[in-house]
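Enquirer: Enclosed is the structure file coords18.txt (compact mmCIF, C-alpha atoms).
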# COMPACT_ATOMS: atom_id res chain seq x y z
CA MET A 1233 11.93 7.15 -14.97
CA GLU A 1234 12.80 10.22 -12.89
CA HIS A 1235 10.04 11.14 -10.50
CA THR A 1236 10.98 14.64 -9.46
CA SER A 1237 8.76 17.24 -10.97
CA GLN A 1238 8.45 19.51 -7.95
CA PRO A 1239 11.19 21.69 -6.49
CA ARG A 1240 12.55 19.95 -3.41
CA ASN A 1241 13.70 21.53 -0.22
CA ALA A 1242 16.54 19.33 1.04
CA LEU A 1243 16.59 20.73 4.55
CA ARG A 1244 12.86 20.36 5.03
CA GLU A 1245 12.98 16.76 3.80
CA LEU A 1246 15.83 16.02 6.18
CA GLY A 1247 13.86 17.45 9.08
CA VAL A 1248 10.72 15.56 8.11
CA LEU A 1249 12.60 12.26 7.92
CA PHE A 1250 14.28 12.94 11.25
CA ILE A 1251 11.00 13.68 13.00
CA THR A 1252 9.35 10.58 11.55
CA LEU A 1253 12.20 8.37 12.74
CA MET A 1254 12.13 9.98 16.19
CA LEU A 1255 8.39 9.38 16.41
CA PHE A 1256 8.89 5.68 15.60
CA TRP A 1257 11.67 5.43 18.17
CA VAL A 1258 9.59 6.97 20.93
CA MET A 1259 6.62 4.73 20.07
CA LEU A 1260 8.88 1.69 20.12
CA VAL A 1261 10.66 2.30 23.43
CA GLY A 1262 7.62 3.84 25.11
CA THR A 1263 9.61 6.13 27.38
CA LEU A 1264 10.69 9.77 27.35
CA ALA A 1265 13.86 9.39 29.46
CA THR A 1266 16.68 11.74 28.46
CA ASP A 1267 19.25 9.07 27.60
CA THR A 1268 16.93 7.07 25.34
CA LEU A 1269 15.81 10.27 23.62
CA LEU A 1270 19.45 11.23 23.08
CA ILE A 1271 20.35 7.88 21.54
CA GLY A 1272 17.23 8.04 19.38
CA ALA A 1273 18.09 11.55 18.19
CA LEU A 1274 21.64 10.52 17.34
CA VAL A 1275 20.60 7.47 15.35
CA SER A 1276 17.68 9.27 13.66
CA LEU A 1277 19.96 12.08 12.56
CA SER A 1278 22.56 9.66 11.18
CA VAL A 1279 19.95 7.70 9.26
CA ALA A 1280 18.31 10.88 7.95
CA LEU A 1281 21.71 12.16 6.79
CA LEU A 1282 22.66 8.85 5.17
CA TYR A 1283 19.35 8.43 3.35
CA ARG A 1284 18.64 11.91 2.17
CA ASP A 1285 16.44 10.70 -0.66
CA GLY A 1286 14.41 8.56 1.72
CA LEU A 1287 10.66 9.06 1.75
CA SER A 1288 8.65 9.42 4.90
CA PHE A 1289 4.91 9.68 5.39
CA PHE A 1290 5.11 13.42 5.61
CA THR A 1291 7.54 14.04 2.75
CA GLU A 1292 5.84 16.46 0.36
CA PHE A 1293 2.76 16.44 2.55
CA ARG A 1294 0.99 19.76 2.32
CA ALA A 1295 0.47 20.82 5.90
CA THR A 1296 -2.86 22.56 5.34
CA PRO A 1297 -6.18 21.89 7.08
CA ALA A 1298 -7.63 20.69 3.77
CA ALA A 1299 -4.81 18.17 3.46
CA PHE A 1300 -5.47 16.79 6.94
CA VAL A 1301 -9.16 16.41 6.21
CA ALA A 1302 -8.34 14.71 2.91
CA GLY A 1303 -5.91 12.46 4.79
CA ILE A 1304 -8.57 11.27 7.21
CA ARG A 1305 -11.08 10.72 4.41
CA PHE A 1306 -8.41 8.91 2.42
CA TYR A 1307 -7.77 6.40 5.20
CA ALA A 1308 -11.48 5.89 5.81
CA TYR A 1309 -12.04 5.24 2.10
CA PHE A 1310 -8.96 3.04 2.02
CA PHE A 1311 -10.07 0.75 4.85
CA ILE A 1312 -13.53 0.35 3.34
CA LYS A 1313 -11.89 -0.64 0.05
CA LEU A 1314 -9.51 -3.03 1.83
CA ALA A 1315 -12.43 -4.80 3.50
CA GLN A 1316 -14.32 -4.94 0.19
CA SER A 1317 -11.32 -6.40 -1.60
CA ASN A 1318 -10.99 -9.15 0.97
CA LEU A 1319 -14.66 -10.09 0.74
CA ARG A 1320 -14.53 -10.11 -3.05
CA LEU A 1321 -11.38 -12.19 -3.02
CA ALA A 1322 -12.94 -14.60 -0.55
CA ALA A 1323 -15.92 -15.01 -2.89
CA ILE A 1324 -13.62 -15.77 -5.82
CA VAL A 1325 -11.42 -18.19 -3.90
CA LEU A 1326 -14.37 -20.06 -2.42
CA SER A 1327 -16.37 -20.45 -5.64
CA PRO A 1328 -15.70 -23.83 -7.26
CA ASP A 1329 -15.17 -22.58 -10.84
CA LEU A 1330 -12.71 -19.79 -9.85
CA PRO A 1331 -14.15 -16.91 -11.89
CA VAL A 1332 -11.02 -14.97 -12.91
CA ASN A 1333 -10.48 -12.91 -16.04
CA PRO A 1334 -6.98 -11.56 -15.44
CA GLY A 1335 -4.88 -9.07 -17.37
CA ILE A 1336 -2.56 -6.10 -17.08
CA VAL A 1337 -3.96 -2.68 -17.96
CA LYS A 1338 -2.38 0.74 -18.18
CA VAL A 1339 -3.41 3.64 -15.93
CA ARG A 1340 -2.32 7.25 -16.09
CA THR A 1341 -2.01 9.27 -12.91
CA GLY A 1342 -2.31 13.01 -12.59
CA LEU A 1343 -0.26 13.05 -9.39
CA LYS A 1344 3.11 14.76 -9.57
CA SER A 1345 4.81 14.12 -6.21
CA ARG A 1346 6.83 11.00 -5.47
CA MET A 1347 5.01 10.28 -2.25
CA GLY A 1348 1.61 10.78 -3.89
CA ARG A 1349 2.46 8.24 -6.60
CA LEU A 1350 3.85 5.80 -4.06
CA MET A 1351 0.69 6.02 -1.97
CA LEU A 1352 -1.46 5.58 -5.06
CA ALA A 1353 0.47 2.48 -6.17
CA ASN A 1354 0.26 1.00 -2.67
CA SER A 1355 -3.44 1.75 -2.39
CA ILE A 1356 -4.14 0.17 -5.76
CA THR A 1357 -2.31 -2.96 -4.65
CA LEU A 1358 -4.49 -3.26 -1.58
CA THR A 1359 -7.85 -2.61 -3.22
CA PRO A 1360 -10.32 -4.91 -4.95
CA GLY A 1361 -8.70 -7.16 -7.53
CA THR A 1362 -5.87 -4.87 -8.54
CA LEU A 1363 -2.08 -5.05 -8.15
CA SER A 1364 0.50 -2.48 -9.28
CA VAL A 1365 3.12 -4.25 -11.39
CA GLU A 1366 5.25 -1.52 -12.92
CA LEU A 1367 5.53 2.23 -12.42
CA ASP A 1368 7.01 4.40 -15.11
CA GLY A 1369 6.62 8.13 -14.48
CA GLU A 1370 2.95 8.94 -14.77
CA TRP A 1371 2.11 5.47 -16.10
CA LEU A 1372 1.07 2.66 -13.83
CA TYR A 1373 0.63 -0.89 -15.06
CA VAL A 1374 -1.96 -2.66 -12.98
CA HIS A 1375 -2.78 -6.35 -12.87
CA CYS A 1376 -6.50 -7.02 -12.44
CA VAL A 1377 -8.10 -10.29 -11.39
CA THR A 1378 -11.13 -9.23 -13.40
CA VAL A 1379 -10.30 -6.89 -16.24
CA GLY A 1380 -12.73 -4.02 -16.70
CA SER A 1381 -12.14 -1.43 -19.38
CA LEU A 1382 -9.09 -1.61 -21.66
CA ASP A 1383 -9.26 2.07 -22.52
CA THR A 1384 -6.63 3.90 -20.46
CA GLU A 1385 -8.89 6.77 -19.48
CA ARG A 1386 -11.77 4.58 -18.38
CA ALA A 1387 -9.41 2.20 -16.59
CA THR A 1388 -7.94 5.18 -14.71
CA GLU A 1389 -11.44 6.22 -13.74
CA GLU A 1390 -12.23 2.72 -12.45
CA ILE A 1391 -8.96 1.97 -10.67
CA ALA A 1392 -7.22 5.15 -9.58
CA ALA A 1393 -9.69 8.04 -9.48
CA GLY A 1394 -11.15 7.16 -6.07
CA PHE A 1395 -7.78 7.58 -4.35
CA GLU A 1396 -6.44 10.30 -6.58
CA ARG A 1397 -9.00 12.88 -5.50
CA PHE A 1398 -7.74 12.63 -1.90
CA LEU A 1399 -4.04 12.24 -2.69
CA GLU A 1400 -4.25 15.25 -4.98
CA VAL A 1401 -5.07 17.44 -1.98
CA MET A 1402 -2.61 15.68 0.36
CA TYR A 1403 0.50 15.55 -1.80
CA GLY A 1404 -0.27 17.01 -5.22
CA MET B 1457 -16.00 -4.79 31.19
CA GLY B 1458 -12.83 -6.85 30.92
CA ALA B 1459 -14.79 -9.85 29.71
CA ILE B 1460 -16.44 -7.83 26.94
CA LEU B 1461 -13.08 -6.52 25.76
CA ASP B 1462 -11.70 -10.05 25.78
CA LEU B 1463 -14.66 -11.24 23.73
CA ILE B 1464 -14.25 -8.46 21.14
CA GLY B 1465 -10.53 -9.17 20.97
CA ALA B 1466 -11.09 -12.87 20.47
CA LEU B 1467 -13.67 -12.26 17.73
CA LEU B 1468 -11.32 -9.88 15.92
CA LEU B 1469 -8.53 -12.43 16.14
CA LEU B 1470 -10.88 -15.06 14.74
CA ALA B 1471 -11.87 -12.78 11.84
CA GLY B 1472 -8.22 -11.94 11.16
CA THR B 1473 -7.10 -15.54 11.09
CA SER B 1474 -10.07 -16.45 8.87
CA PHE B 1475 -8.88 -13.94 6.28
CA LEU B 1476 -5.37 -15.34 6.57
CA LEU B 1477 -6.79 -18.81 5.95
CA LEU B 1478 -8.66 -17.56 2.87
CA GLY B 1479 -5.45 -15.94 1.66
CA GLY B 1480 -3.66 -19.25 2.00
CA LEU B 1481 -6.43 -20.96 0.09
CA GLY B 1482 -6.10 -18.28 -2.58
CA LEU B 1483 -2.39 -19.00 -2.91
CA VAL B 1484 -3.19 -22.61 -3.70
CA ARG B 1485 -6.17 -22.06 -5.97
CA MET B 1486 -5.18 -19.05 -8.09
CA PRO B 1487 -3.89 -19.84 -11.59
CA ASP B 1488 -0.68 -17.79 -11.89
CA ILE B 1489 1.82 -15.73 -9.92
CA TYR B 1490 0.06 -12.38 -10.30
CA ASN B 1491 -3.26 -13.67 -9.06
CA ARG B 1492 -1.49 -15.49 -6.24
CA ILE B 1493 0.22 -12.29 -5.16
CA GLN B 1494 -3.17 -10.58 -5.23
CA ALA B 1495 -4.64 -13.21 -2.94
CA GLY B 1496 -1.60 -13.12 -0.69
CA THR B 1497 -1.30 -9.36 -0.28
CA LYS B 1498 -4.84 -8.36 0.49
CA ALA B 1499 -5.66 -11.22 2.80
CA THR B 1500 -2.45 -10.93 4.81
CA THR B 1501 -2.83 -7.17 5.16
CA LEU B 1502 -6.39 -7.18 6.47
CA GLY B 1503 -5.92 -10.47 8.32
CA THR B 1504 -2.86 -9.27 10.16
CA LEU B 1505 -4.35 -5.84 10.86
CA LEU B 1506 -7.47 -7.41 12.37
CA SER B 1507 -5.30 -9.73 14.45
CA LEU B 1508 -3.27 -6.76 15.69
CA VAL B 1509 -6.43 -4.87 16.66
CA GLY B 1510 -7.70 -8.01 18.37
CA VAL B 1511 -4.50 -8.31 20.40
CA GLY B 1512 -4.88 -4.59 21.19
CA PHE B 1513 -8.24 -5.35 22.84
CA LEU B 1514 -6.75 -8.20 24.84
CA HIS B 1515 -3.66 -6.23 25.88
CA PRO B 1516 -4.43 -2.49 25.74
CA GLU B 1517 -0.97 -1.67 27.13
CA TRP B 1518 0.61 -2.92 23.87
CA SER B 1519 -1.45 -0.57 21.70
CA LEU B 1520 1.35 1.79 20.64
CA LYS B 1521 3.65 -0.99 19.51
CA LEU B 1522 0.81 -2.77 17.73
CA LEU B 1523 -0.01 0.46 15.92
CA LEU B 1524 3.61 0.72 14.86
CA ILE B 1525 3.60 -2.84 13.51
CA GLY B 1526 0.37 -2.06 11.66
CA VAL B 1527 1.83 1.04 10.03
CA PHE B 1528 4.93 -0.84 8.88
CA LEU B 1529 2.78 -3.64 7.55
CA LEU B 1530 0.53 -1.24 5.67
CA PHE B 1531 3.47 0.32 3.86
CA THR B 1532 5.79 -2.62 3.30
CA ASN B 1533 3.29 -5.29 2.31
CA PRO B 1534 2.04 -3.67 -0.93
CA LEU B 1535 5.57 -2.56 -1.81
CA SER B 1536 7.02 -6.05 -1.58
CA SER B 1537 4.10 -7.41 -3.60
CA GLN B 1538 4.64 -4.81 -6.29
CA VAL B 1539 8.36 -5.60 -6.50
CA LEU B 1540 7.62 -9.34 -6.69
CA ALA B 1541 5.11 -8.75 -9.47
CA ARG B 1542 7.52 -6.52 -11.36
CA ALA B 1543 10.34 -9.06 -11.03
CA ALA B 1544 8.00 -11.77 -12.27
CA HIS B 1545 7.02 -9.71 -15.28
CA ARG B 1546 10.60 -8.74 -16.14
CA THR B 1547 11.78 -12.33 -16.04
CA GLY B 1548 8.87 -13.39 -18.21
CA THR B 1549 7.11 -15.67 -15.75
CA ARG B 1550 4.35 -17.75 -17.33
CA LYS B 1551 0.95 -16.10 -17.22
CA SER B 1552 -2.30 -17.95 -16.80
CA PRO B 1553 -3.84 -18.98 -20.17
CA ALA B 1554 -6.96 -17.14 -19.01
CA THR B 1555 -5.11 -13.80 -19.19
CA VAL B 1556 -7.00 -11.52 -21.55
CA VAL B 1557 -4.63 -8.60 -21.99
CA ASP B 1558 -1.12 -7.40 -21.07
CA GLN B 1559 -0.67 -3.75 -21.94
CA LEU B 1560 2.74 -3.67 -20.24
CA GLU B 1561 4.01 -6.35 -22.62
CA ASP B 1562 2.52 -4.41 -25.54
CA ASP B 1563 4.22 -1.17 -24.48
CA LEU B 1564 7.59 -2.83 -23.91
CA GLY B 1565 7.41 -4.28 -27.41
CA GLU B 1566 7.09 -0.80 -28.90
CA ARG B 1567 10.27 0.51 -27.29
CA PRO B 1568 13.67 0.08 -28.94
The structure in this file should be written as structure tokens.
Expert:
Amino acid sequence: MEHTSQPRNALRELGVLFITLMLFWVMLVGTLATDTLLIGALVSLSVALLYRDGLSFFTEFRATPAAFVAGIRFYAYFFIKLAQSNLRLAAIVLSPDLPVNPGIVKVRTGLKSRMGRLMLANSITLTPGTLSVELDGEWLYVHCVTVGSLDTERATEEIAAGFERFLEVMYG
Amino acid sequence: MGAILDLIGALLLLAGTSFLLLGGLGLVRMPDIYNRIQAGTKATTLGTLLSLVGVGFLHPEWSLKLLLIGVFLLFTNPLSSQVLARAAHRTGTRKSPATVVDQLEDDLGERP
């Protein structure tokens, strides 16, 4: 069940978590006054120290130009898929005979990083007819409203491959 | 200009709430817990996001906070759904008779 397969730099992760929390704080209060910044920094640092294993959006993110491009393309692809999944779901819900063919299939991911796997599982949950049920290392168990292929490799191709090619570049 | 923004905002809100309505309908119509979660997650995510963008058009000064809400929603919604689904599976919640396959069940059976 252990997810770590990459060497982790504790200090870098701490800094990344701190900066993410600070960013949220500044967005929330909407001011750059010294006292609010100070309070934010204090709280962010405490939280970052208390939750050292916490993930943030930039944990394990590869800060390369290619990763940023992949990130933008990932979100574009993701929102298209999210819209598609809603339309497909609407069609199923509105049709009188409720055409479902549900089941849980197994998918294998090639992603190694914790954040990459988390993003993949989340993306699968939000895309057409699929829902991540259980994660076990490189295995993902996915519930499908309409089951496609039962073969693990083909199911991976159908369900995960679209996101994996971007996440691979972003997180590895 | 303001009127056009208001119109776009109102239309987005309408689209968002329509998806939320469909999600609610899905909750009632779907046969078992997994399919219900599916209906619930996707519809609430897109529905709420569209509503947030709609509100952003009506009140541009709230944009940053709306963006923040959207980001939280985008990350917490699928997570909670996944945990619900996992809990349901672990406690052996009844699956729809229409279910064709459960490879998780099969794999768990093989382990000691």
Enquirer: Please, which residues of chain A lie no more than 8 Å from chain B when the count uses only C-alpha atoms, and can they be set out as number ranges by chain?
Expert: A: 1256, 1259-1260, 1262, 1314-1315, 1317-1318, 1321-1322, 1325, 1330, 1332-1338, 1354-1355, 1357-1359, 1361-1366, 1373, 1375, 1377, 1379
Enquirer: For a test of reading the model, state the distance in Å between atom CA of B:Leu1467 and atom CA of A:Phe1310, rounded to one decimal.
Expert: 22.4 Å
Enquirer: Please list as a list in words every residue within 12 Å of A:Gly1303, counting only C-alpha atoms and excluding residues in the same chain fewer than 2 positions away.
Expert: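 With the cut-off at 12 Å, the set is Phe1289, Phe1290, Phe1293, Arg1294, Ala1295, Thr1296, Pro1297, Ala1298, Ala1299, Phe1300, Val1301, Arg1305, Phe1306, Tyr1307, Ala1308, Tyr1309, Phe1310, Gly1348, Met1351, Phe1395, Glu1396, Arg1397, Phe1398, Leu1399, Glu1400, Val1401, Met1402 and Tyr1403 of chain A.
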Enquirer: Quick check, in Å to one decimal: how far apart do atom CA of A:Leu1274 and atom CA of A:Gly1247 lie?
Expert: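 A separation of 13.3 Å between them.
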Enquirer: What does the distance between atom CA of A:Thr1378 and atom CA of B:Leu1468 come to in Å, to one decimal place?
Expert: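 So the answer is 29.3 Å.
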